[in-house]
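What follows is a single structure, written as structure tokens, with notes after it.
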Amino acid sequence: RERELCVFVFEEIRFERDYLLSKEVCCLARSMPGVRLPGLGAFQVWGSSTDVGKTLLSAGLSGNSGKYLRNLRYIKPVQTGYPDDDDSEFVKRHAKPQRDVDVKVLIGYGDPVSPHRAVEASKAIEDSKLIQLVREEIGRTRDSSISLVETAGGVLSPAPSGSLQADVYRPLRMPAVLVGSGRLGGISETLSAYESLLIRGYEVPVVFVFGTEHENHKAIDKAVDAMVLVAPSPPPKPEPLTKYFEEEDLQEAFSSTCEAIAFYMNSTESRLRTLSKEAKDHIWWPFTQHATTKKVTTIDSAFGDDFTVATTDAKGRVNLSTQFDACSSWWTNGLGHGNPKLALEAAKG
């Protein structure tokens, strides 16, 4: 009944179909009812474009995570040019000798092109299946490790299905570390990628830039609400990177990034753990018997038809899971939560 109402509303306000996300992306959360999400057990490395240093950063973080984070586990959901071009092997090789990193490529395509083109010779994986694979892989190791999930290409590069990967991964809403560009023109490129993540509901606590030649990091720092970290540019290819990874400034930048991620995760977990009590102490709700209300649901975010709900387990650890928003139409939210194309249309006004 509610889905019928949504269709009716779309027709009444005359939204064009192109303004809406694909049916599959919109329903990703519904394909995972009540599931546990990665939450604070994982974060995602994004790039403002291709070849900005995502895998360099992943290798550096994997080798320097011990002081501030639990062991990092590297996951590459989609790899093209595989196995000749294997980012996971690069991470494993350059994280040593500091750490022997567990790495995993979930889907590999042979052609070294964008994922949506690489699948032309094979069958594209559905968005919901890709999300399920990532979630399950993270879930296997959360108790002992934090997962680093590295994307492919830029923030708005297509996934194998052709959907924008920023939309595809949104139901998991992992904290984002954005690798910006230190090249000429990289300021605009980085800020566009940053805003593309924000408008989809991601939190971006860290922006990392390789290269100080154009001082892009200074302009980026003034424009974003995130910690901006910078490291020396890598040597030109095909020069070996062994000595580069030994540079003190680079190692310090990697360590500072791990510290920033740990601070974000710890402060977020602390906030979510106490939010329910603070709400009961300070908020008045309509249609509610406050004296008999024992439990307040803590909602961290919302997407599609679902809330992301925070709960605390017996170990005192905060977990995030999906919960269907059964009151959405009651509060005139029949179109669902967090649709970026509707947000973009609203921004035009």
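A note on labels: chains of the structure tokens are A, B, ... as shown, every chain counts residues from 1, and ligands are counted from 1 in their shown order.
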
### Task
Once DSSP has gone over the backbone, tell me which residues of stretch 117-326 of chain A are in strand (DSSP E or B), as number ranges by chain.
A: 145-150, 158, 164, 176-180, 206-210, 227-231, 298-304, 306-312, 318-324

Print the selection's residues with N, CA and C atoms to a file, as a short mmCIF file (atom, residue, chain, number, x, y, z; two decimals), in the first residue's frame.
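Result file is selection12.cif:
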data_model
loop_
_atom_site.label_atom_id
_atom_site.label_comp_id
_atom_site.auth_asym_id
_atom_site.auth_seq_id
_atom_site.Cartn_x
_atom_site.Cartn_y
_atom_site.Cartn_z
N SER A 145 39.60 -7.18 13.55
CA SER A 145 40.20 -6.22 12.62
C SER A 145 39.20 -5.14 12.24
N ILE A 146 39.73 -4.06 11.70
CA ILE A 146 38.92 -3.04 11.04
C ILE A 146 39.15 -3.17 9.55
N SER A 147 38.09 -3.16 8.78
CA SER A 147 38.21 -3.34 7.34
C SER A 147 38.39 -2.01 6.63
N LEU A 148 39.34 -1.99 5.72
CA LEU A 148 39.55 -0.85 4.82
C LEU A 148 39.03 -1.28 3.46
N VAL A 149 37.99 -0.61 2.99
CA VAL A 149 37.36 -0.97 1.72
C VAL A 149 37.72 0.10 0.69
N GLU A 150 38.48 -0.29 -0.33
CA GLU A 150 38.94 0.67 -1.33
C GLU A 150 38.06 0.61 -2.58
N PRO A 158 31.32 4.59 -12.40
CA PRO A 158 30.28 3.56 -12.40
C PRO A 158 30.75 2.26 -11.75
N LEU A 164 26.21 4.65 -10.27
CA LEU A 164 27.33 5.36 -9.67
C LEU A 164 27.69 4.68 -8.35
N ALA A 176 34.09 7.81 5.30
CA ALA A 176 34.86 7.96 4.07
C ALA A 176 36.17 8.71 4.31
N VAL A 177 37.24 8.16 3.77
CA VAL A 177 38.51 8.88 3.67
C VAL A 177 38.69 9.20 2.19
N LEU A 178 38.69 10.47 1.87
CA LEU A 178 38.77 10.90 0.47
C LEU A 178 40.21 11.27 0.12
N VAL A 179 40.74 10.61 -0.91
CA VAL A 179 42.06 10.97 -1.43
C VAL A 179 41.85 12.01 -2.52
N GLY A 180 42.28 13.24 -2.23
CA GLY A 180 42.13 14.32 -3.19
C GLY A 180 43.30 14.38 -4.15
N VAL A 206 38.22 12.66 6.94
CA VAL A 206 39.60 12.90 6.52
C VAL A 206 39.66 13.08 5.00
N VAL A 207 40.42 14.11 4.58
CA VAL A 207 40.80 14.27 3.17
C VAL A 207 42.32 14.21 3.12
N PHE A 208 42.84 13.35 2.26
CA PHE A 208 44.29 13.13 2.16
C PHE A 208 44.75 13.52 0.76
N VAL A 209 45.86 14.26 0.69
CA VAL A 209 46.37 14.73 -0.61
C VAL A 209 47.84 14.36 -0.74
N PHE A 210 48.18 13.72 -1.86
CA PHE A 210 49.58 13.48 -2.20
C PHE A 210 50.07 14.64 -3.06
N MET A 227 39.50 16.84 8.53
CA MET A 227 40.94 16.98 8.71
C MET A 227 41.61 16.76 7.36
N VAL A 228 42.44 17.70 6.94
CA VAL A 228 43.15 17.59 5.67
C VAL A 228 44.61 17.28 5.96
N LEU A 229 45.09 16.18 5.40
CA LEU A 229 46.46 15.74 5.60
C LEU A 229 47.16 15.66 4.25
N VAL A 230 48.45 15.93 4.25
CA VAL A 230 49.20 15.98 2.99
C VAL A 230 50.49 15.18 3.14
N ALA A 231 50.92 14.60 2.02
CA ALA A 231 52.14 13.79 1.99
C ALA A 231 52.91 14.11 0.72
N THR A 298 17.94 4.85 18.95
CA THR A 298 18.93 5.79 18.44
C THR A 298 19.10 5.58 16.95
N ILE A 299 18.75 6.60 16.17
CA ILE A 299 18.84 6.52 14.71
C ILE A 299 20.07 7.31 14.26
N ASP A 300 21.02 6.61 13.67
CA ASP A 300 22.25 7.25 13.22
C ASP A 300 22.06 7.94 11.88
N SER A 301 21.29 7.34 10.98
CA SER A 301 21.05 7.92 9.66
C SER A 301 19.86 7.21 9.04
N ALA A 302 19.54 7.58 7.81
CA ALA A 302 18.43 6.94 7.11
C ALA A 302 18.72 6.94 5.62
N PHE A 303 18.24 5.88 4.95
CA PHE A 303 18.42 5.78 3.51
C PHE A 303 17.33 4.91 2.93
N GLY A 304 16.74 5.36 1.82
CA GLY A 304 15.67 4.57 1.21
C GLY A 304 14.50 4.43 2.16
N ASP A 306 14.68 2.73 5.03
CA ASP A 306 15.18 2.25 6.32
C ASP A 306 15.89 3.32 7.14
N PHE A 307 15.80 3.15 8.46
CA PHE A 307 16.69 3.82 9.39
C PHE A 307 17.94 2.96 9.59
N THR A 308 19.03 3.60 9.97
CA THR A 308 20.18 2.89 10.51
C THR A 308 20.17 3.11 12.01
N VAL A 309 19.96 2.03 12.75
CA VAL A 309 19.71 2.09 14.19
C VAL A 309 20.94 1.61 14.95
N ALA A 310 21.29 2.33 16.01
CA ALA A 310 22.44 1.97 16.84
C ALA A 310 21.97 1.25 18.09
N THR A 311 22.62 0.13 18.39
CA THR A 311 22.36 -0.61 19.63
C THR A 311 23.70 -0.96 20.26
N THR A 312 23.68 -1.24 21.55
CA THR A 312 24.90 -1.61 22.28
C THR A 312 24.80 -3.06 22.71
N VAL A 318 29.09 -0.67 20.10
CA VAL A 318 27.96 -0.14 19.34
C VAL A 318 27.86 -0.87 18.00
N ASN A 319 26.67 -1.37 17.69
CA ASN A 319 26.39 -2.01 16.41
C ASN A 319 25.33 -1.21 15.66
N LEU A 320 25.41 -1.23 14.36
CA LEU A 320 24.43 -0.56 13.51
C LEU A 320 23.70 -1.59 12.67
N SER A 321 22.39 -1.42 12.55
CA SER A 321 21.60 -2.33 11.73
C SER A 321 20.44 -1.56 11.11
N THR A 322 19.83 -2.15 10.09
CA THR A 322 18.73 -1.48 9.40
C THR A 322 17.41 -1.76 10.12
N GLN A 323 16.52 -0.79 10.05
CA GLN A 323 15.17 -0.94 10.60
C GLN A 323 14.20 -0.21 9.69
N PHE A 324 13.17 -0.91 9.25
CA PHE A 324 12.21 -0.34 8.32
C PHE A 324 11.49 0.86 8.94
#

### Query
Mind checking DSSP for stretch 242-327 of chain A and telling me the helix (DSSP H, G or I) residues as an MDAnalysis selection string?
chainID A and resid 242:245 248:282 290:292

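In this structure, atom CA of A:Ala124 sits 21.2 Å away from atom CA of A:Thr50.
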
### Message
Can you tell me which residues surround A:Ile138 at a distance of at most 9 Å, considering only C-alpha atoms, apart from same-chain residues fewer than 2 positions away, and format the answer as a list in words?
### Response
Pro38, Gly41, Ala42, Arg73, Ile75, Leu133, Val134, Arg135, Glu136, Arg140, Thr141, Arg142, Ile146, Ser147, Leu148 and Val149 of chain A

Taking only residues of stretch 195-226 of chain A that have an atom at most 12 Å from an atom of stretch 264-272 of chain A, what is each one's shortest atom pair and its distance in Å to one decimal, using only C-alpha atoms, in chain and number order, as a tab-separated table?
residue	atom	partner	partner_atom	distance
A:Glu203	CA	A:Tyr264	CA	10.0
A:Val204	CA	A:Tyr264	CA	9.8
A:Pro205	CA	A:Tyr264	CA	6.9
A:Val206	CA	A:Tyr264	CA	9.3
A:Ala226	CA	A:Tyr264	CA	10.5

Selection above as a file: N, CA and C atoms, as a PDB file, in the first residue's frame:
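In the end it all went to out.pdb:
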ATOM      1  N   GLU A 203      29.721  10.552   5.793  1.00  0.00           N
ATOM      2  CA  GLU A 203      30.564  11.396   6.628  1.00  0.00           C
ATOM      3  C   GLU A 203      32.001  11.242   6.158  1.00  0.00           C
ATOM      4  N   VAL A 204      32.686  12.381   6.014  1.00  0.00           N
ATOM      5  CA  VAL A 204      34.051  12.390   5.484  1.00  0.00           C
ATOM      6  C   VAL A 204      34.958  13.045   6.525  1.00  0.00           C
ATOM      7  N   PRO A 205      35.494  12.278   7.456  1.00  0.00           N
ATOM      8  CA  PRO A 205      36.326  12.880   8.502  1.00  0.00           C
ATOM      9  C   PRO A 205      37.729  13.258   8.049  1.00  0.00           C
ATOM     10  N   VAL A 206      38.217  12.657   6.943  1.00  0.00           N
ATOM     11  CA  VAL A 206      39.600  12.895   6.517  1.00  0.00           C
ATOM     12  C   VAL A 206      39.663  13.083   5.004  1.00  0.00           C
ATOM     13  N   ALA A 226      36.648  18.803   7.514  1.00  0.00           N
ATOM     14  CA  ALA A 226      37.347  17.528   7.676  1.00  0.00           C
ATOM     15  C   ALA A 226      38.805  17.826   7.966  1.00  0.00           C
TER      16      ALA A 226
END

Identify, on the basis of only C-alpha atoms, every residue whose closest approach to stretch 92-108 of chain A does not exceed 7 Å; exclude the query and any residue fewer than 6 positions from it along the same chain; express the result as a PDB file with N, CA and C atoms, in the first residue's frame.
ATOM      1  N   ALA A  59      47.925   1.154   1.394  1.00  0.00           N
ATOM      2  CA  ALA A  59      49.124   0.428   1.816  1.00  0.00           C
ATOM      3  C   ALA A  59      49.757   1.090   3.034  1.00  0.00           C
ATOM      4  N   GLY A  60      49.823   2.426   3.014  1.00  0.00           N
ATOM      5  CA  GLY A  60      50.422   3.140   4.135  1.00  0.00           C
ATOM      6  C   GLY A  60      49.634   2.984   5.418  1.00  0.00           C
ATOM      7  N   SER A  62      47.602   0.487   6.122  1.00  0.00           N
ATOM      8  CA  SER A  62      47.684  -0.916   6.536  1.00  0.00           C
ATOM      9  C   SER A  62      48.968  -1.196   7.296  1.00  0.00           C
ATOM     10  N   GLY A  63      50.043  -0.538   6.901  1.00  0.00           N
ATOM     11  CA  GLY A  63      51.314  -0.758   7.569  1.00  0.00           C
ATOM     12  C   GLY A  63      51.495   0.039   8.842  1.00  0.00           C
ATOM     13  N   ARG A  73      42.247  -4.805   7.666  1.00  0.00           N
ATOM     14  CA  ARG A  73      42.073  -5.840   6.649  1.00  0.00           C
ATOM     15  C   ARG A  73      41.641  -5.144   5.367  1.00  0.00           C
ATOM     16  N   TYR A  74      42.385  -5.356   4.295  1.00  0.00           N
ATOM     17  CA  TYR A  74      42.156  -4.646   3.039  1.00  0.00           C
ATOM     18  C   TYR A  74      41.179  -5.423   2.163  1.00  0.00           C
ATOM     19  N   ILE A  75      40.122  -4.736   1.715  1.00  0.00           N
ATOM     20  CA  ILE A  75      39.125  -5.346   0.833  1.00  0.00           C
ATOM     21  C   ILE A  75      38.973  -4.475  -0.409  1.00  0.00           C
ATOM     22  N   LYS A  76      39.111  -5.078  -1.561  1.00  0.00           N
ATOM     23  CA  LYS A  76      38.881  -4.406  -2.845  1.00  0.00           C
ATOM     24  C   LYS A  76      37.658  -5.062  -3.479  1.00  0.00           C
ATOM     25  N   PRO A  77      36.493  -4.417  -3.417  1.00  0.00           N
ATOM     26  CA  PRO A  77      35.290  -5.057  -3.952  1.00  0.00           C
ATOM     27  C   PRO A  77      35.363  -5.348  -5.446  1.00  0.00           C
ATOM     28  N   VAL A  78      35.873  -4.390  -6.230  1.00  0.00           N
ATOM     29  CA  VAL A  78      35.922  -4.559  -7.684  1.00  0.00           C
ATOM     30  C   VAL A  78      37.303  -4.157  -8.181  1.00  0.00           C
ATOM     31  N   GLN A  79      37.964  -5.068  -8.890  1.00  0.00           N
ATOM     32  CA  GLN A  79      39.292  -4.809  -9.450  1.00  0.00           C
ATOM     33  C   GLN A  79      39.262  -5.086 -10.947  1.00  0.00           C
ATOM     34  N   THR A  80      39.657  -4.105 -11.744  1.00  0.00           N
ATOM     35  CA  THR A  80      39.780  -4.334 -13.182  1.00  0.00           C
ATOM     36  C   THR A  80      41.256  -4.511 -13.537  1.00  0.00           C
ATOM     37  N   TYR A  82      42.594  -7.337 -13.719  1.00  0.00           N
ATOM     38  CA  TYR A  82      42.992  -8.394 -12.786  1.00  0.00           C
ATOM     39  C   TYR A  82      43.296  -9.689 -13.549  1.00  0.00           C
TER      40      TYR A  82
END

### Query
Got a sec: who's within 8 Å of A:Leu250, counting only C-alpha atoms, leaving out chain neighbours fewer than 5 positions off, as number ranges by chain?
A: 231-232, 244-245

Could you save the residues just selected, with N, CA and C atoms, as a compact mmCIF listing (two decimals), in the first residue's frame?
# COMPACT_ATOMS: atom_id res chain seq x y z
N ALA A 231 50.92 14.60 2.02
CA ALA A 231 52.14 13.79 1.99
C ALA A 231 52.91 14.11 0.72
N PRO A 232 54.22 13.84 0.70
CA PRO A 232 55.01 14.08 -0.51
C PRO A 232 54.50 13.25 -1.69
N TYR A 244 60.66 5.48 -1.05
CA TYR A 244 59.59 6.45 -0.84
C TYR A 244 58.78 6.11 0.41
N PHE A 245 58.45 4.83 0.57
CA PHE A 245 57.66 4.42 1.73
C PHE A 245 58.44 4.54 3.03

### Message
Nearest residue to A:Gln132 out of A:Gln44, A:Asp225, A:Leu172, A:Val113, using only C-alpha atoms?
### Response
A:Leu172

### Message
Could you list, as a PyMOL selection string, every residue within 12 Å of A:Lys67, counting only C-alpha atoms and ignoring same-chain residues fewer than 3 positions away?
### Response
chain A and resi 61-64+70-72+98-99+254-262
